[in-house]
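The next block is structure08.cif, given as mmCIF, N, CA and C atoms (P, O5', C5', C4', C3', O3' and C1' of nucleotides).
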```cif
data_coords
loop_
_atom_site.label_atom_id
_atom_site.label_comp_id
_atom_site.auth_asym_id
_atom_site.auth_seq_id
_atom_site.Cartn_x
_atom_site.Cartn_y
_atom_site.Cartn_z
N MET A 21 -2.02 -18.92 15.46
CA MET A 21 -3.03 -19.03 14.43
C MET A 21 -4.41 -18.72 14.99
N LYS A 22 -4.50 -18.76 16.33
CA LYS A 22 -5.80 -18.58 16.97
C LYS A 22 -6.15 -17.12 17.19
N LYS A 23 -5.12 -16.28 17.35
CA LYS A 23 -5.39 -14.87 17.60
C LYS A 23 -5.07 -13.99 16.40
N ASP A 24 -4.99 -14.62 15.21
CA ASP A 24 -4.67 -13.86 14.01
C ASP A 24 -5.69 -12.79 13.67
N TYR A 25 -6.92 -12.98 14.15
CA TYR A 25 -7.95 -11.99 13.82
C TYR A 25 -7.55 -10.63 14.36
N ARG A 26 -6.72 -10.63 15.41
CA ARG A 26 -6.28 -9.36 15.99
C ARG A 26 -5.44 -8.57 14.99
N LYS A 27 -4.63 -9.33 14.24
CA LYS A 27 -3.77 -8.67 13.25
C LYS A 27 -4.57 -8.21 12.04
N ALA A 28 -5.79 -8.71 11.96
CA ALA A 28 -6.62 -8.34 10.81
C ALA A 28 -7.62 -7.25 11.14
N MET A 29 -7.71 -6.88 12.41
CA MET A 29 -8.71 -5.84 12.72
C MET A 29 -8.24 -4.45 12.30
N PRO A 30 -9.09 -3.75 11.56
CA PRO A 30 -8.83 -2.42 11.02
C PRO A 30 -8.95 -1.37 12.10
N ILE A 31 -7.83 -0.86 12.57
CA ILE A 31 -7.87 0.12 13.65
C ILE A 31 -6.90 1.29 13.50
N LEU A 32 -5.96 1.17 12.58
CA LEU A 32 -4.96 2.24 12.43
C LEU A 32 -5.27 3.26 11.33
N PRO A 33 -5.26 4.54 11.72
CA PRO A 33 -5.47 5.60 10.72
C PRO A 33 -4.18 5.75 9.91
N ILE A 34 -4.29 6.30 8.72
CA ILE A 34 -3.14 6.40 7.83
C ILE A 34 -1.96 7.09 8.48
N ARG A 35 -2.24 8.05 9.33
CA ARG A 35 -1.20 8.80 10.02
C ARG A 35 -0.26 7.89 10.80
N THR A 36 -0.85 6.94 11.55
CA THR A 36 -0.06 5.98 12.33
C THR A 36 0.75 5.07 11.42
N VAL A 37 0.12 4.64 10.34
CA VAL A 37 0.81 3.76 9.39
C VAL A 37 2.00 4.48 8.76
N MET A 38 1.84 5.76 8.53
CA MET A 38 2.93 6.56 7.95
C MET A 38 4.11 6.56 8.90
N GLN A 39 3.80 6.73 10.19
CA GLN A 39 4.86 6.80 11.20
C GLN A 39 5.62 5.50 11.37
N ILE A 40 4.91 4.36 11.39
CA ILE A 40 5.63 3.11 11.59
C ILE A 40 6.25 2.52 10.35
N THR A 41 5.83 2.97 9.17
CA THR A 41 6.42 2.43 7.94
C THR A 41 7.36 3.41 7.25
N ASN A 42 7.27 4.69 7.67
CA ASN A 42 8.09 5.71 7.03
C ASN A 42 7.71 5.92 5.56
N LEU A 43 6.47 5.57 5.24
CA LEU A 43 6.00 5.73 3.87
C LEU A 43 5.16 7.01 3.87
N SER A 44 5.05 7.67 2.73
CA SER A 44 4.22 8.88 2.65
C SER A 44 2.78 8.44 2.41
N ALA A 45 1.84 9.33 2.72
CA ALA A 45 0.43 8.98 2.52
C ALA A 45 0.23 8.70 1.04
N ARG A 46 0.91 9.46 0.22
CA ARG A 46 0.82 9.31 -1.23
C ARG A 46 1.20 7.89 -1.64
N GLN A 47 2.31 7.41 -1.12
CA GLN A 47 2.78 6.06 -1.44
C GLN A 47 1.80 4.99 -0.97
N ILE A 48 1.32 5.16 0.26
CA ILE A 48 0.38 4.18 0.81
C ILE A 48 -0.87 4.11 -0.05
N ARG A 49 -1.39 5.26 -0.45
CA ARG A 49 -2.60 5.29 -1.28
C ARG A 49 -2.31 4.72 -2.66
N TYR A 50 -1.12 4.97 -3.13
CA TYR A 50 -0.71 4.48 -4.45
C TYR A 50 -0.67 2.95 -4.46
N TYR A 51 -0.12 2.38 -3.40
CA TYR A 51 -0.05 0.92 -3.31
C TYR A 51 -1.45 0.32 -3.22
N GLU A 52 -2.33 1.05 -2.58
CA GLU A 52 -3.71 0.58 -2.48
C GLU A 52 -4.35 0.58 -3.87
N GLU A 53 -4.06 1.61 -4.63
CA GLU A 53 -4.59 1.70 -6.00
C GLU A 53 -4.20 0.47 -6.80
N HIS A 54 -2.98 0.02 -6.54
CA HIS A 54 -2.48 -1.15 -7.27
C HIS A 54 -2.78 -2.46 -6.56
N GLU A 55 -3.71 -2.42 -5.64
CA GLU A 55 -4.16 -3.61 -4.92
C GLU A 55 -3.10 -4.39 -4.17
N LEU A 56 -2.10 -3.66 -3.64
CA LEU A 56 -1.06 -4.32 -2.86
C LEU A 56 -1.50 -4.38 -1.40
N VAL A 57 -2.42 -3.50 -1.03
CA VAL A 57 -2.98 -3.48 0.32
C VAL A 57 -4.43 -3.03 0.17
N GLU A 58 -5.30 -3.56 1.01
CA GLU A 58 -6.69 -3.14 0.93
C GLU A 58 -7.26 -2.80 2.29
N PRO A 59 -6.93 -1.60 2.79
CA PRO A 59 -7.43 -1.15 4.09
C PRO A 59 -8.95 -1.00 4.08
N MET A 60 -9.52 -1.08 5.27
CA MET A 60 -10.98 -0.96 5.44
C MET A 60 -11.30 0.53 5.40
N ARG A 61 -12.59 0.86 5.34
CA ARG A 61 -13.00 2.27 5.32
C ARG A 61 -13.99 2.56 6.43
N THR A 62 -13.91 3.76 6.96
CA THR A 62 -14.85 4.16 8.02
C THR A 62 -16.07 4.73 7.31
N ASP A 63 -17.06 5.11 8.09
CA ASP A 63 -18.26 5.69 7.50
C ASP A 63 -17.90 6.95 6.72
N GLY A 64 -16.94 7.69 7.25
CA GLY A 64 -16.54 8.91 6.59
C GLY A 64 -15.52 8.71 5.48
N ASN A 65 -15.37 7.45 5.03
CA ASN A 65 -14.45 7.13 3.95
C ASN A 65 -12.97 7.20 4.33
N ARG A 66 -12.72 7.19 5.63
CA ARG A 66 -11.33 7.23 6.11
C ARG A 66 -10.77 5.82 6.04
N ARG A 67 -9.50 5.68 5.70
CA ARG A 67 -8.88 4.35 5.64
C ARG A 67 -8.50 3.87 7.04
N LEU A 68 -8.72 2.59 7.32
CA LEU A 68 -8.33 1.99 8.59
C LEU A 68 -7.49 0.77 8.24
N PHE A 69 -6.24 0.76 8.73
CA PHE A 69 -5.33 -0.35 8.44
C PHE A 69 -5.21 -1.31 9.61
N SER A 70 -4.89 -2.56 9.30
CA SER A 70 -4.70 -3.58 10.33
C SER A 70 -3.20 -3.81 10.46
N LEU A 71 -2.80 -4.55 11.49
CA LEU A 71 -1.38 -4.83 11.69
C LEU A 71 -0.90 -5.65 10.50
N GLN A 72 -1.81 -6.43 9.92
CA GLN A 72 -1.46 -7.24 8.76
C GLN A 72 -1.12 -6.31 7.60
N ASN A 73 -1.95 -5.27 7.44
CA ASN A 73 -1.71 -4.29 6.39
C ASN A 73 -0.33 -3.66 6.55
N VAL A 74 0.02 -3.37 7.82
CA VAL A 74 1.31 -2.75 8.09
C VAL A 74 2.43 -3.70 7.66
N ASP A 75 2.27 -4.98 7.98
CA ASP A 75 3.29 -5.96 7.59
C ASP A 75 3.41 -6.01 6.07
N GLU A 76 2.27 -5.94 5.41
CA GLU A 76 2.28 -5.97 3.94
C GLU A 76 3.02 -4.76 3.40
N LEU A 77 2.75 -3.61 3.99
CA LEU A 77 3.42 -2.37 3.56
C LEU A 77 4.93 -2.48 3.76
N LEU A 78 5.32 -3.05 4.90
CA LEU A 78 6.75 -3.19 5.17
C LEU A 78 7.40 -4.13 4.17
N GLU A 79 6.67 -5.17 3.79
CA GLU A 79 7.23 -6.11 2.81
C GLU A 79 7.32 -5.47 1.43
N ILE A 80 6.35 -4.60 1.13
CA ILE A 80 6.38 -3.89 -0.15
C ILE A 80 7.64 -3.05 -0.21
N GLN A 81 7.96 -2.41 0.92
CA GLN A 81 9.17 -1.59 0.99
C GLN A 81 10.41 -2.43 0.69
N GLU A 82 10.50 -3.59 1.36
CA GLU A 82 11.66 -4.46 1.16
C GLU A 82 11.78 -4.90 -0.29
N LEU A 83 10.65 -5.36 -0.84
CA LEU A 83 10.66 -5.84 -2.22
C LEU A 83 11.06 -4.72 -3.18
N LEU A 84 10.56 -3.51 -2.91
CA LEU A 84 10.88 -2.36 -3.76
C LEU A 84 12.39 -2.11 -3.71
N GLU A 85 12.95 -2.22 -2.51
CA GLU A 85 14.39 -2.00 -2.35
C GLU A 85 15.20 -3.06 -3.07
N GLU A 86 14.59 -4.26 -3.18
CA GLU A 86 15.28 -5.35 -3.88
C GLU A 86 15.15 -5.21 -5.39
N GLY A 87 14.46 -4.14 -5.81
CA GLY A 87 14.34 -3.90 -7.24
C GLY A 87 13.12 -4.53 -7.89
N VAL A 88 12.20 -5.03 -7.08
CA VAL A 88 11.00 -5.66 -7.64
C VAL A 88 9.95 -4.57 -7.91
N ASN A 89 9.30 -4.64 -9.06
CA ASN A 89 8.29 -3.63 -9.37
C ASN A 89 6.92 -4.04 -8.85
N ILE A 90 5.91 -3.18 -9.06
CA ILE A 90 4.56 -3.44 -8.57
C ILE A 90 4.04 -4.80 -9.05
N ALA A 91 4.22 -5.06 -10.33
CA ALA A 91 3.75 -6.33 -10.89
C ALA A 91 4.41 -7.51 -10.19
N GLY A 92 5.71 -7.38 -9.93
CA GLY A 92 6.44 -8.45 -9.29
C GLY A 92 5.94 -8.67 -7.87
N ILE A 93 5.67 -7.59 -7.17
CA ILE A 93 5.19 -7.69 -5.80
C ILE A 93 3.83 -8.38 -5.78
N LYS A 94 3.01 -8.09 -6.78
CA LYS A 94 1.71 -8.74 -6.85
C LYS A 94 1.88 -10.24 -6.95
N LYS A 95 2.85 -10.66 -7.76
CA LYS A 95 3.08 -12.10 -7.93
C LYS A 95 3.56 -12.74 -6.64
N VAL A 96 4.48 -12.06 -5.97
CA VAL A 96 4.99 -12.59 -4.70
C VAL A 96 3.86 -12.72 -3.69
N PHE A 97 2.99 -11.70 -3.62
CA PHE A 97 1.88 -11.73 -2.68
C PHE A 97 0.89 -12.83 -3.05
N ALA A 98 0.73 -13.04 -4.35
CA ALA A 98 -0.21 -14.07 -4.80
C ALA A 98 0.25 -15.43 -4.28
N LEU A 99 1.56 -15.61 -4.21
CA LEU A 99 2.10 -16.88 -3.73
C LEU A 99 1.75 -17.12 -2.27
N LYS A 100 1.79 -16.04 -1.48
CA LYS A 100 1.52 -16.17 -0.05
C LYS A 100 0.08 -16.59 0.23
N ARG A 101 -0.82 -16.25 -0.73
CA ARG A 101 -2.23 -16.59 -0.54
C ARG A 101 -2.55 -18.00 -0.99
N THR A 102 -1.57 -18.68 -1.58
CA THR A 102 -1.80 -20.03 -2.08
C THR A 102 -1.17 -21.05 -1.12
N SER A 103 -1.21 -22.30 -1.45
CA SER A 103 -0.67 -23.34 -0.57
C SER A 103 0.83 -23.17 -0.38
N ASN A 104 1.39 -23.94 0.53
CA ASN A 104 2.81 -23.80 0.83
C ASN A 104 3.73 -24.61 -0.08
N SER A 105 3.16 -25.52 -0.86
CA SER A 105 4.02 -26.28 -1.77
C SER A 105 3.56 -26.09 -3.21
N HIS A 106 4.51 -26.01 -4.09
CA HIS A 106 4.21 -25.77 -5.50
C HIS A 106 4.99 -26.73 -6.39
N THR A 107 4.54 -26.80 -7.64
CA THR A 107 5.25 -27.63 -8.59
C THR A 107 5.96 -26.68 -9.55
N TYR A 108 7.27 -26.81 -9.59
CA TYR A 108 8.05 -25.95 -10.48
C TYR A 108 8.98 -26.85 -11.30
N ARG A 109 8.75 -26.85 -12.60
CA ARG A 109 9.57 -27.68 -13.49
C ARG A 109 9.58 -29.14 -13.04
N GLY A 110 8.40 -29.64 -12.69
CA GLY A 110 8.29 -31.04 -12.33
C GLY A 110 8.68 -31.40 -10.91
N LYS A 111 9.21 -30.40 -10.18
CA LYS A 111 9.62 -30.71 -8.81
C LYS A 111 8.74 -29.98 -7.80
N THR A 112 8.54 -30.58 -6.64
CA THR A 112 7.76 -29.97 -5.58
C THR A 112 8.69 -29.14 -4.72
N ILE A 113 8.37 -27.84 -4.59
CA ILE A 113 9.21 -26.96 -3.78
C ILE A 113 8.37 -26.16 -2.80
N SER A 114 9.03 -25.58 -1.81
CA SER A 114 8.30 -24.80 -0.81
C SER A 114 7.95 -23.40 -1.32
N ASN A 115 7.06 -22.75 -0.58
CA ASN A 115 6.64 -21.40 -0.93
C ASN A 115 7.87 -20.48 -0.97
N GLY A 116 8.73 -20.65 0.03
CA GLY A 116 9.93 -19.82 0.10
C GLY A 116 10.84 -20.00 -1.11
N GLU A 117 10.97 -21.24 -1.53
CA GLU A 117 11.84 -21.51 -2.69
C GLU A 117 11.25 -20.90 -3.95
N LEU A 118 9.92 -21.03 -4.08
CA LEU A 118 9.27 -20.48 -5.28
C LEU A 118 9.40 -18.96 -5.29
N ARG A 119 9.28 -18.39 -4.11
CA ARG A 119 9.40 -16.94 -4.00
C ARG A 119 10.78 -16.48 -4.47
N ALA A 120 11.78 -17.22 -4.04
CA ALA A 120 13.16 -16.89 -4.45
C ALA A 120 13.29 -16.97 -5.96
N ILE A 121 12.65 -17.97 -6.54
CA ILE A 121 12.72 -18.16 -7.98
C ILE A 121 12.03 -17.00 -8.70
N VAL A 122 10.83 -16.64 -8.19
CA VAL A 122 10.10 -15.53 -8.81
C VAL A 122 10.92 -14.25 -8.73
N LEU A 123 11.52 -14.02 -7.57
CA LEU A 123 12.33 -12.81 -7.40
C LEU A 123 13.47 -12.78 -8.40
N ARG A 124 14.11 -13.94 -8.58
CA ARG A 124 15.25 -14.02 -9.51
C ARG A 124 14.79 -13.73 -10.93
N GLU A 125 13.64 -14.29 -11.28
CA GLU A 125 13.13 -14.08 -12.64
C GLU A 125 12.73 -12.62 -12.89
N MET A 126 12.15 -12.00 -11.83
CA MET A 126 11.75 -10.60 -11.97
C MET A 126 12.99 -9.74 -12.16
N GLN A 127 14.06 -10.08 -11.45
CA GLN A 127 15.31 -9.32 -11.54
C GLN A 127 15.84 -9.42 -12.96
N ALA A 128 15.80 -10.64 -13.47
CA ALA A 128 16.32 -10.89 -14.82
C ALA A 128 15.57 -10.09 -15.87
N LEU A 129 14.27 -9.88 -15.66
CA LEU A 129 13.47 -9.14 -16.62
C LEU A 129 13.79 -7.65 -16.62
N SER A 130 14.28 -7.16 -15.50
CA SER A 130 14.58 -5.74 -15.42
C SER A 130 16.07 -5.46 -15.56
P DT B 28 -5.64 23.20 14.88
"O5'" DT B 28 -5.61 21.76 14.31
"C5'" DT B 28 -6.32 20.92 15.20
"C4'" DT B 28 -6.44 19.52 14.66
"C3'" DT B 28 -5.33 19.05 13.72
"O3'" DT B 28 -5.02 17.71 14.09
"C1'" DT B 28 -7.41 18.80 12.66
P DT B 29 -3.75 16.95 13.39
"O5'" DT B 29 -4.51 15.99 12.37
"C5'" DT B 29 -5.50 15.11 12.88
"C4'" DT B 29 -6.15 14.36 11.74
"C3'" DT B 29 -5.19 13.84 10.67
"O3'" DT B 29 -5.42 12.45 10.53
"C1'" DT B 29 -7.03 14.97 9.67
P DT B 30 -4.54 11.56 9.57
"O5'" DT B 30 -5.51 11.40 8.32
"C5'" DT B 30 -6.84 10.95 8.56
"C4'" DT B 30 -7.65 11.01 7.28
"C3'" DT B 30 -6.90 10.49 6.04
"O3'" DT B 30 -7.71 9.52 5.42
"C1'" DT B 30 -7.90 12.59 5.60
P DC B 31 -7.34 8.94 4.03
"O5'" DC B 31 -8.32 9.73 3.06
"C5'" DC B 31 -9.71 9.80 3.38
"C4'" DC B 31 -10.46 10.26 2.15
"C3'" DC B 31 -9.73 9.84 0.88
"O3'" DC B 31 -10.52 9.17 -0.07
"C1'" DC B 31 -10.04 12.22 0.95
P DT B 32 -9.79 8.57 -1.33
"O5'" DT B 32 -10.15 9.63 -2.48
"C5'" DT B 32 -11.50 10.04 -2.66
"C4'" DT B 32 -11.58 11.09 -3.75
"C3'" DT B 32 -10.88 10.69 -5.05
"O3'" DT B 32 -11.72 11.06 -6.15
"C1'" DT B 32 -9.97 12.72 -4.24
P DC B 33 -11.34 10.61 -7.62
"O5'" DC B 33 -10.68 11.95 -8.18
"C5'" DC B 33 -11.34 13.19 -7.95
"C4'" DC B 33 -10.51 14.32 -8.53
"C3'" DC B 33 -9.75 13.98 -9.81
"O3'" DC B 33 -9.93 15.03 -10.75
"C1'" DC B 33 -8.25 14.86 -8.20
P DA B 34 -9.46 14.86 -12.28
"O5'" DA B 34 -8.23 15.86 -12.36
"C5'" DA B 34 -8.40 17.20 -11.88
"C4'" DA B 34 -7.04 17.86 -11.82
"C3'" DA B 34 -6.16 17.56 -13.04
"O3'" DA B 34 -5.44 18.73 -13.38
"C1'" DA B 34 -5.01 16.97 -11.10
P DC B 35 -4.92 18.98 -14.86
"O5'" DC B 35 -3.47 19.59 -14.60
"C5'" DC B 35 -3.31 20.69 -13.70
"C4'" DC B 35 -1.87 20.78 -13.30
"C3'" DC B 35 -0.90 20.49 -14.45
"O3'" DC B 35 0.25 21.34 -14.31
"C1'" DC B 35 -0.47 19.01 -12.68
P DA B 36 0.35 22.62 -15.48
"O5'" DA B 36 1.02 23.84 -14.72
"C5'" DA B 36 0.83 24.00 -13.31
"C4'" DA B 36 1.96 24.89 -12.75
"C3'" DA B 36 2.04 26.27 -13.40
"O3'" DA B 36 2.50 27.23 -12.43
"C1'" DA B 36 4.07 25.11 -13.76
P DT C 3 6.97 5.23 -4.64
"O5'" DT C 3 7.18 6.81 -4.36
"C5'" DT C 3 7.41 7.52 -5.49
"C4'" DT C 3 7.52 9.01 -5.17
"C3'" DT C 3 6.63 9.51 -4.03
"O3'" DT C 3 7.37 10.48 -3.27
"C1'" DT C 3 6.07 10.63 -6.03
P DG C 4 6.69 11.27 -1.97
"O5'" DG C 4 6.54 12.79 -2.44
"C5'" DG C 4 7.68 13.43 -3.00
"C4'" DG C 4 7.31 14.83 -3.41
"C3'" DG C 4 6.49 15.57 -2.36
"O3'" DG C 4 6.98 16.91 -2.23
"C1'" DG C 4 5.29 15.49 -4.43
P DT C 5 6.39 17.86 -1.09
"O5'" DT C 5 5.17 18.55 -1.84
"C5'" DT C 5 5.43 19.32 -3.02
"C4'" DT C 5 4.15 19.95 -3.48
"C3'" DT C 5 3.30 20.44 -2.31
"O3'" DT C 5 2.82 21.75 -2.60
"C1'" DT C 5 2.02 19.05 -3.72
P DG C 6 2.45 22.73 -1.37
"O5'" DG C 6 1.13 23.43 -1.92
"C5'" DG C 6 1.09 23.86 -3.28
"C4'" DG C 6 -0.33 23.76 -3.79
"C3'" DG C 6 -1.37 24.27 -2.79
"O3'" DG C 6 -2.31 25.09 -3.47
"C1'" DG C 6 -1.94 22.08 -3.51
P DA C 7 -3.40 25.89 -2.64
"O5'" DA C 7 -4.75 25.48 -3.37
"C5'" DA C 7 -4.76 25.34 -4.80
"C4'" DA C 7 -6.05 24.64 -5.21
"C3'" DA C 7 -7.25 25.12 -4.42
"O3'" DA C 7 -8.37 25.27 -5.29
"C1'" DA C 7 -7.01 22.78 -4.15
P DG C 8 -9.59 26.18 -4.83
"O5'" DG C 8 -10.57 25.07 -4.25
"C5'" DG C 8 -11.10 24.08 -5.13
"C4'" DG C 8 -11.97 23.15 -4.33
"C3'" DG C 8 -12.79 23.86 -3.25
"O3'" DG C 8 -14.10 23.30 -3.25
"C1'" DG C 8 -11.55 22.14 -2.27
P DG C 9 -15.18 23.87 -2.19
"O5'" DG C 9 -15.68 22.51 -1.53
"C5'" DG C 9 -15.85 21.36 -2.36
"C4'" DG C 9 -15.87 20.12 -1.51
"C3'" DG C 9 -16.78 20.20 -0.28
"O3'" DG C 9 -17.55 19.00 -0.20
"C1'" DG C 9 -14.63 19.50 0.37
P DA C 10 -18.75 18.97 0.84
"O5'" DA C 10 -18.22 17.89 1.89
"C5'" DA C 10 -17.92 16.57 1.43
"C4'" DA C 10 -17.47 15.73 2.60
"C3'" DA C 10 -18.37 15.88 3.83
"O3'" DA C 10 -18.50 14.62 4.48
"C1'" DA C 10 -16.15 16.42 4.39
#
```
Now that the file is in, can you turn its structure into structure tokens?
Amino acid sequence: MKKDYRKAMPILPIRTVMQITNLSARQIRYYEEHELVEPMRTDGNRRLFSLQNVDELLEIQELLEEGVNIAGIKKVFALKRTSNSHTYRGKTISNGELRAIVLREMQALS
DNA sequence: TTTCTCACA
DNA sequence: TGTGAGGA
């Protein structure tokens, strides 16, 4: 938790991110449009990604493969930014459990 | 050379 | 999502 800032520092050009995620530049920019990732910008308007961004991109890939759409991914990500315990139907559950529930509900909708 | 935005036979 | 144009 002490060295997390390292994972947040914007240092990777889109080219590198493409190589480690196997995503096309088009896809990466598309996900940014939908606020799934928010890379930093250089003076010349070039995108700079952090290791955290890469992890987010990789998770987007997984969720997409699981059949979750952009809207669903936004919900899952929203959960990660909130506390670790939630109230669902009167019961207190963990972030992981809620995530599983959201995923199941998103599947049911599609 | 690489990346950016915009637009679509 | 791909691809090419035109610029930085």
Q.
Given only C-alpha atoms as the basis, pick out the residue of A:Thr36, A:Gln72, A:Ser44, A:Asn115 nearest to Val96 in chain A.
A.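 Nearest to Val96 in chain A: A:Asn115.
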Q: Show which residues sit within 7 Å of range 49-58 of chain A, as an MDAnalysis selection string. Count only C-alpha atoms (C1' of nucleotides), and ignore same-chain residues fewer than 6 positions away.
A: chainID A and resid 73 76 94
**Q.** Selection dump of the PyMOL selection byres ((chain B and name CA+C1') within 10 of (chain A and name CA+C1')), as number ranges by chain
**A.** B: 29-31
Would you put the residues from that selection into a file with N, CA and C atoms (P, O5', C5', C4', C3', O3' and C1' of nucleotides), as a short mmCIF file (atom, residue, chain, number, x, y, z; two decimals), keeping the file's coordinate frame?
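Produced file result_2.cif, reproduced below:
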```
data_model
loop_
_atom_site.label_atom_id
_atom_site.label_comp_id
_atom_site.auth_asym_id
_atom_site.auth_seq_id
_atom_site.Cartn_x
_atom_site.Cartn_y
_atom_site.Cartn_z
P DT B 29 -3.75 16.95 13.39
"O5'" DT B 29 -4.51 15.99 12.37
"C5'" DT B 29 -5.50 15.11 12.88
"C4'" DT B 29 -6.15 14.36 11.74
"C3'" DT B 29 -5.19 13.84 10.67
"O3'" DT B 29 -5.42 12.45 10.53
"C1'" DT B 29 -7.03 14.97 9.67
P DT B 30 -4.54 11.56 9.57
"O5'" DT B 30 -5.51 11.40 8.32
"C5'" DT B 30 -6.84 10.95 8.56
"C4'" DT B 30 -7.65 11.01 7.28
"C3'" DT B 30 -6.90 10.49 6.04
"O3'" DT B 30 -7.71 9.52 5.42
"C1'" DT B 30 -7.90 12.59 5.60
P DC B 31 -7.34 8.94 4.03
"O5'" DC B 31 -8.32 9.73 3.06
"C5'" DC B 31 -9.71 9.80 3.38
"C4'" DC B 31 -10.46 10.26 2.15
"C3'" DC B 31 -9.73 9.84 0.88
"O3'" DC B 31 -10.52 9.17 -0.07
"C1'" DC B 31 -10.04 12.22 0.95
#
```
Q) DSSP on the backbone: what in range 61-110 of chain A comes out helix (DSSP H, G or I), as a PyMOL selection string? A) chain A and resi 71-85+90-100
Could you write those residues out with N, CA and C atoms, as a JSON list (two decimals), keeping the file's coordinate frame?
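Resulting contents of result_14.json:
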```
[["chain", "number", "residue", "atom", "x", "y", "z"],
["A", 71, "LEU", "N", -2.80, -4.55, 11.49],
["A", 71, "LEU", "CA", -1.38, -4.83, 11.69],
["A", 71, "LEU", "C", -0.90, -5.65, 10.50],
["A", 72, "GLN", "N", -1.81, -6.43, 9.92],
["A", 72, "GLN", "CA", -1.46, -7.24, 8.76],
["A", 72, "GLN", "C", -1.12, -6.31, 7.60],
["A", 73, "ASN", "N", -1.95, -5.27, 7.44],
["A", 73, "ASN", "CA", -1.71, -4.29, 6.39],
["A", 73, "ASN", "C", -0.33, -3.66, 6.55],
["A", 74, "VAL", "N", 0.02, -3.37, 7.82],
["A", 74, "VAL", "CA", 1.31, -2.75, 8.09],
["A", 74, "VAL", "C", 2.43, -3.70, 7.66],
["A", 75, "ASP", "N", 2.27, -4.98, 7.98],
["A", 75, "ASP", "CA", 3.29, -5.96, 7.59],
["A", 75, "ASP", "C", 3.41, -6.01, 6.07],
["A", 76, "GLU", "N", 2.27, -5.94, 5.41],
["A", 76, "GLU", "CA", 2.28, -5.97, 3.94],
["A", 76, "GLU", "C", 3.02, -4.76, 3.40],
["A", 77, "LEU", "N", 2.75, -3.61, 3.99],
["A", 77, "LEU", "CA", 3.42, -2.37, 3.56],
["A", 77, "LEU", "C", 4.93, -2.48, 3.76],
["A", 78, "LEU", "N", 5.32, -3.05, 4.90],
["A", 78, "LEU", "CA", 6.75, -3.19, 5.17],
["A", 78, "LEU", "C", 7.40, -4.13, 4.17],
["A", 79, "GLU", "N", 6.67, -5.17, 3.79],
["A", 79, "GLU", "CA", 7.23, -6.11, 2.81],
["A", 79, "GLU", "C", 7.32, -5.47, 1.43],
["A", 80, "ILE", "N", 6.35, -4.60, 1.13],
["A", 80, "ILE", "CA", 6.38, -3.89, -0.15],
["A", 80, "ILE", "C", 7.64, -3.05, -0.21],
["A", 81, "GLN", "N", 7.96, -2.41, 0.92],
["A", 81, "GLN", "CA", 9.17, -1.59, 0.99],
["A", 81, "GLN", "C", 10.41, -2.43, 0.69],
["A", 82, "GLU", "N", 10.50, -3.59, 1.36],
["A", 82, "GLU", "CA", 11.66, -4.46, 1.16],
["A", 82, "GLU", "C", 11.78, -4.90, -0.29],
["A", 83, "LEU", "N", 10.65, -5.36, -0.84],
["A", 83, "LEU", "CA", 10.66, -5.84, -2.22],
["A", 83, "LEU", "C", 11.06, -4.72, -3.18],
["A", 84, "LEU", "N", 10.56, -3.51, -2.91],
["A", 84, "LEU", "CA", 10.88, -2.36, -3.76],
["A", 84, "LEU", "C", 12.39, -2.11, -3.71],
["A", 85, "GLU", "N", 12.95, -2.22, -2.51],
["A", 85, "GLU", "CA", 14.39, -2.00, -2.35],
["A", 85, "GLU", "C", 15.20, -3.06, -3.07],
["A", 90, "ILE", "N", 5.91, -3.18, -9.06],
["A", 90, "ILE", "CA", 4.56, -3.44, -8.57],
["A", 90, "ILE", "C", 4.04, -4.80, -9.05],
["A", 91, "ALA", "N", 4.22, -5.06, -10.33],
["A", 91, "ALA", "CA", 3.75, -6.33, -10.89],
["A", 91, "ALA", "C", 4.41, -7.51, -10.19],
["A", 92, "GLY", "N", 5.71, -7.38, -9.93],
["A", 92, "GLY", "CA", 6.44, -8.45, -9.29],
["A", 92, "GLY", "C", 5.94, -8.67, -7.87],
["A", 93, "ILE", "N", 5.67, -7.59, -7.17],
["A", 93, "ILE", "CA", 5.19, -7.69, -5.80],
["A", 93, "ILE", "C", 3.83, -8.38, -5.78],
["A", 94, "LYS", "N", 3.01, -8.09, -6.78],
["A", 94, "LYS", "CA", 1.71, -8.74, -6.85],
["A", 94, "LYS", "C", 1.88, -10.24, -6.95],
["A", 95, "LYS", "N", 2.85, -10.66, -7.76],
["A", 95, "LYS", "CA", 3.08, -12.10, -7.93],
["A", 95, "LYS", "C", 3.56, -12.74, -6.64],
["A", 96, "VAL", "N", 4.48, -12.06, -5.97],
["A", 96, "VAL", "CA", 4.99, -12.59, -4.70],
["A", 96, "VAL", "C", 3.86, -12.72, -3.69],
["A", 97, "PHE", "N", 2.99, -11.70, -3.62],
["A", 97, "PHE", "CA", 1.88, -11.73, -2.68],
["A", 97, "PHE", "C", 0.89, -12.83, -3.05],
["A", 98, "ALA", "N", 0.73, -13.04, -4.35],
["A", 98, "ALA", "CA", -0.21, -14.07, -4.80],
["A", 98, "ALA", "C", 0.25, -15.43, -4.28],
["A", 99, "LEU", "N", 1.56, -15.61, -4.21],
["A", 99, "LEU", "CA", 2.10, -16.88, -3.73],
["A", 99, "LEU", "C", 1.75, -17.12, -2.27],
["A", 100, "LYS", "N", 1.79, -16.04, -1.48],
["A", 100, "LYS", "CA", 1.52, -16.17, -0.05],
["A", 100, "LYS", "C", 0.08, -16.59, 0.23]]
```
(Q) Quick check on the file I pasted: which residues fall under the PyMOL selection byres ((chain C and name CA+C1') within 10 of (chain A and name CA+C1'))? Write them as a list in words. (A) DT3, DG4 and DA10 of chain C
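Put simply, atom N of Arg119 in chain A is 15.7 Å away from CA of Asn89 in chain A.
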Q) By how many Å are O3' of DG8 in chain C and O5' of DA36 in chain B apart? A)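 Between O3' of DG8 in chain C and O5' of DA36 in chain B the gap is 19.0 Å.
From CA of Pro59 in chain A back to CA of Ile93 in chain A, the distance works out to 17.3 Å.
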Q: Can you list, as a ChimeraX atom specification, all residues belonging to chain A that DSSP tags as strand (DSSP E)?
A: /A:32-33,60-61,67-69,105-108,111-114
